[in-house]
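Below is one structure, written out as structure tokens; comments come after it.
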Amino acid sequence: MIEAGHFAAILALVFSAVQAFTGLRGNRGQSGLFAQLAFAAMVFAFFTLLWAFARSDFSVQLVAANSHTLKPFVYKLAGTWGNHEGSMALWCVVGLGFGAAGAWLLKSDRPVFEARALGVQGILSLSSLLYLLLASSPFTRLDPAPLQGQGLNPLLQDPALAIHPPMLYLGYVGYSFVFALAAAGLIEKRVDRQWAKTARPWALAAFVPLSLGIALGSYWAYYELGWGGWWFWDPVENASLMPWLIGAALMHSIIVTEKRGSFAAWTSLLAVLAFCFSLLGAFLVRSGVLTSVHAFAVDPLRGSFLLGGLLVLGGSALLLFALRAPKLKGGPDWLATSREGALMGNNLILTVATATVLLGTLFPLIAEAAGQTISVGEPYFNLTFTPIMALALLALPVVQAWAWGKADLSSLWKWAGGFAGLVALFWLAGIGPFDIPLMAGIGLALGVWLIVGAGQEMWRRAKSLGRLPKMPLRVWGMTLAHAGLGLFVIGAVLQTSGRTQTTLALEAGESANIAGWTVTLEDVRSIEGPNWYADRAHLIATTPGTKAELNPQKRYYPAARMPTTETAIHKTGTADLYVALGDGRRAAGGPTRWTFEVFVNPLIDFIYVGVILIGLGGALAMFDRRGSGKVS
């Protein structure tokens with residue numbers, strides 16, 4: 001079976017080469033046919049890997065290194081992509097899937113343009129398949145086969161982490177197809193309103209799953225790693241954040257190109273940069289240059305292959321842009337005080353924010369190469385990234401109502417007064433039991449500012465059309481996305497500034513207090529799971545009118561020889577009571593005292609509900625088929 005999968009992957013490689021050749025020659029029919037054949041072949045190849053993991057076929061090296069007979073079935077399947085080789089096979093499936101979807105769905109009335117887009121996508125798929133088959137083959141056999149496997153990293157045996165990589169790859173590889181569309185437009189020297197109308201749903205098709213994939217990774221880190229937070233500025237977290245930021249800029253730039261025919265060169269550059277940052281993310285995660293719980297440690301030879309691919313593909317993309325962008329037609333003139341100017345400002349701020357994240361991520365590597373040891377952590381990002389993004393969010397509700405070409409600035413002072421009033425309200429009054437400092441008050445005001453601004457813009461557009469049912473899906477999507485961004489900001493500010501944290505040392509029957517909760521340790525028992533054993537604490541937490549039971553665990557996986565922390569979280573609707581079990585120490589002749597890390601995290605769910613609304617808004621806009629529309 002696995003040899004049939006290996007042969008199918010080779011067929012996918014051949015079909016991708018033909019797709020690239022016929023596509024670049026402008027043959028729409030043949031390039032589309034071979035795109036679908038390549039996808040079908042690679043799906044079969046990936047299915048054989050799933051089959052090997054499902055059957056615990058330890059004669060396959062990948063299965064022996066990442067599975068175990070005692071592992072739950074769902075995690076056996078997730079082990080297929082929970083490693084370097086398998087994840088690259090999934091990357092190839094997704095890349096070929098976008099090519100096949102493009103062959104089926106692209107209908108721009110420009111067959112040569114479509115063929116060239118499929119041809120460029122064929123080149124990208126060919127590159128990833130070459131790397132898979134020559135440097136990271138998942139189809140290698142072991143002889144003799146071991147009787148038992150080594151097991152998947154226990155930290156990855158989790159439902160969120162089973163879904164997280166496929167979602168991220170839909171985003172990463174989705175931007176490769178947006179780049180393919182941009183490359184085809186640059187080859188034809190035609191990036192115009194029709195091109196933007198074609199590219200917009202594909203940009204959203206990458207942005208939405210990337211947003212949800214990042215949120216899944218964040219939520220996994222929150223409840224699995226036991227540190228009580230939602231974002232650590234880990235280099236691998238940053239690797240997915242950077243293409244997301246550029247992707248957000250790209251979406252807004254495409255709007256201007258579609259509506260006005262402007263920003264053609266800039267939109268093309270953003271499509272190229274989104275593709276390059278996706279490649280950079282793959283390199284950072286899989287090259288072994290970073291140390292992270294998320295990273296795949298691979299040998300330096302594979303890292304060299306990845307670096308070479310990044311330089312060749314990324315360099316070729318930038319070279320194509322440099323040669324063709326000056327020949328693109330521009331749109332009508334516009335002023336800085338117009339919607340075009342506001343969206344360009346939005347783009348520049350997001351691009352600068354991406355550059356600050358890039359610098360903070362790569363600077364330790366550059367310093368290490370120079371013989372220095374320098375760490376860049378949360379303080380750097382708080383001082384650079386946060387104020388840059390705050391500026392963009394502050395301007396968003398104001399400028400989204402500006403007209404094309406030239407805006408009326410007469411109401412600007414009213415907006416400024418409204419925001420100042422919100423800041424004063426949150427700073428002076430506070431929220432509930434929290435003493436809100438000035439900077440937190442500004443952050444909370446900013447979140448409410450975004451939500452109110454989204455609602456006001458929806459109302460303005462509804463009045464211009466007469467009634468809500470006439471509102472295009474893309475306007476509903478914009479409203480949901482901007483409101484979700486506001487919820488995200490509120491949750492992030494409160495979780496950062498209002499979190500309460502303490503370390504408790506308790507023996508059975510003892511109690512301690514934190515933020516109005518009384519936490520009592522009932523007992524700690526040893527339990528066993530399918531492929532692990534653990535110490536499980538039983539805690540009772542009470543507050544006036546509320547009683548909660550929490551059972552945090554400290555697990556150990558014998559196959560992987562690795563411990564994990566399984567937190568216990570009680571949600572009240574306004575906060576999370578979050579408990580992580582530490583070690584137990586027994587004094588001579590006395591009872592065992594267990595340590596617990598306890599957090600009270602206010603409104604942290606706003607972060608994830610906000611991201612869900614952003615994704616839902618993007619999905620609504622993606623399915624809007626009204627074209628550029630007539631809504632102002």
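Just remember, in the structure tokens the first chain shown is A, the second B, etc., residues are 1-based per chain, and ligands are 1-based in the order shown.
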* Which polymer residues have any atom within 12 Å of an atom of His6 (chain A), counting only C-alpha atoms, with same-chain residues fewer than 2 positions away left out, as a PyMOL selection string? -> chain A and resi 1-4+8-13+41-49+60+89+129+132-134+137-141
Taking C-alpha atoms for each residue, export the selection above as a compact mmCIF listing (two decimals), in the first residue's frame.
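The file below, again.txt, is the result:
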```txt
# COMPACT_ATOMS: atom_id res chain seq x y z
CA MET A 1 0.00 0.00 0.00
CA ILE A 2 2.71 2.48 0.95
CA GLU A 3 4.61 1.79 -2.28
CA ALA A 4 1.43 2.58 -4.22
CA ALA A 8 1.10 8.19 -6.70
CA ALA A 9 3.21 11.04 -5.27
CA ILE A 10 5.66 10.60 -8.17
CA LEU A 11 2.70 10.74 -10.57
CA ALA A 12 1.55 13.95 -8.86
CA LEU A 13 5.03 15.35 -9.47
CA ALA A 41 -2.85 11.38 -7.21
CA MET A 42 -1.57 13.20 -4.11
CA VAL A 43 -4.84 12.62 -2.23
CA PHE A 44 -4.38 8.89 -2.82
CA ALA A 45 -0.75 9.11 -1.68
CA PHE A 46 -1.80 10.85 1.53
CA PHE A 47 -4.57 8.31 2.06
CA THR A 48 -1.98 5.50 2.07
CA LEU A 49 -0.18 7.31 4.91
CA VAL A 60 6.81 2.46 7.68
CA ALA A 89 2.79 15.69 2.52
CA LEU A 129 6.78 17.73 -4.26
CA LEU A 132 8.97 15.96 -0.26
CA LEU A 133 10.27 13.12 -2.43
CA LEU A 134 13.98 13.97 -2.41
CA SER A 137 9.98 11.22 1.98
CA PRO A 138 7.24 9.85 4.28
CA PHE A 139 7.20 6.54 2.37
CA THR A 140 10.46 5.02 3.70
CA ARG A 141 10.27 1.41 4.95
```
* To do: Using backbone DSSP assignments, extract all alpha helix (DSSP H) residues from region 133-357 of chain A; output them as JSON, numbers by chain.
  => {"A": [133, 134, 135, 159, 160, 161, 162, 163, 164, 165, 166, 167, 168, 169, 170, 171, 172, 173, 174, 175, 176, 177, 178, 179, 180, 181, 182, 183, 184, 185, 186, 187, 193, 194, 195, 196, 197, 198, 199, 200, 201, 202, 203, 204, 205, 206, 207, 208, 209, 210, 211, 212, 213, 214, 215, 216, 217, 218, 219, 220, 221, 222, 223, 224, 235, 236, 237, 238, 239, 240, 241, 242, 243, 244, 245, 246, 247, 248, 249, 250, 251, 252, 253, 254, 255, 256, 257, 258, 259, 260, 264, 265, 266, 267, 268, 269, 270, 271, 272, 273, 274, 275, 276, 277, 278, 279, 280, 281, 282, 283, 284, 285, 286, 300, 301, 302, 303, 304, 305, 306, 307, 308, 309, 310, 311, 312, 313, 314, 315, 316, 317, 318, 319, 320, 321, 322, 323, 324, 339, 340, 341, 342, 343, 344, 345, 346, 347, 348, 349, 350, 351, 352, 353, 354, 355, 356, 357]}
* Expressed in Å to a single decimal, how great is the separation between CA of Thr22 (chain A) and CA of Ala282 (chain A)? ->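 Atom-to-atom, CA of Thr22 (chain A) to CA of Ala282 (chain A), that is 28.1 Å.
When the distance limit is 6 Å and only C-alpha atoms are what count, the residues near Cys276 (chain A), minus those fewer than 3 positions from it on the same chain, are Leu273, Leu279 and Gly314 of chain A.
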Write out the residues from the selection above, keeping all heavy atoms, as a PDB file, in the first residue's frame.
```pdb
ATOM      1  N   LEU A 273       4.501  39.456  -1.122  1.00  0.00           N
ATOM      2  CA  LEU A 273       5.010  39.406   0.247  1.00  0.00           C
ATOM      3  C   LEU A 273       4.268  38.364   1.089  1.00  0.00           C
ATOM      4  O   LEU A 273       4.882  37.684   1.920  1.00  0.00           O
ATOM      5  CB  LEU A 273       4.887  40.782   0.896  1.00  0.00           C
ATOM      6  CG  LEU A 273       5.828  41.866   0.367  1.00  0.00           C
ATOM      7  CD1 LEU A 273       5.550  43.198   1.059  1.00  0.00           C
ATOM      8  CD2 LEU A 273       7.285  41.464   0.553  1.00  0.00           C
ATOM      9  N   LEU A 279       6.395  31.260   2.939  1.00  0.00           N
ATOM     10  CA  LEU A 279       7.595  30.442   2.769  1.00  0.00           C
ATOM     11  C   LEU A 279       8.542  30.609   3.960  1.00  0.00           C
ATOM     12  O   LEU A 279       9.129  29.633   4.443  1.00  0.00           O
ATOM     13  CB  LEU A 279       8.325  30.836   1.483  1.00  0.00           C
ATOM     14  CG  LEU A 279       7.660  30.482   0.150  1.00  0.00           C
ATOM     15  CD1 LEU A 279       8.523  30.974  -1.006  1.00  0.00           C
ATOM     16  CD2 LEU A 279       7.440  28.980   0.032  1.00  0.00           C
ATOM     17  N   GLY A 314      11.184  32.900  -3.465  1.00  0.00           N
ATOM     18  CA  GLY A 314      10.932  34.259  -3.013  1.00  0.00           C
ATOM     19  C   GLY A 314      11.653  35.282  -3.867  1.00  0.00           C
ATOM     20  O   GLY A 314      11.080  36.324  -4.233  1.00  0.00           O
TER      21      GLY A 314
END
```
* To do: Identify, on the basis of only C-alpha atoms, every residue whose closest approach to region 335-347 of chain A does not exceed 10 Å; exclude the query and any residue fewer than 3 positions from it along the same chain; express the result as a ChimeraX atom specification.
  => /A:245-253,255-257,259-260,262-263,266-267,270,350-353,389,391-393,395-396,398-409
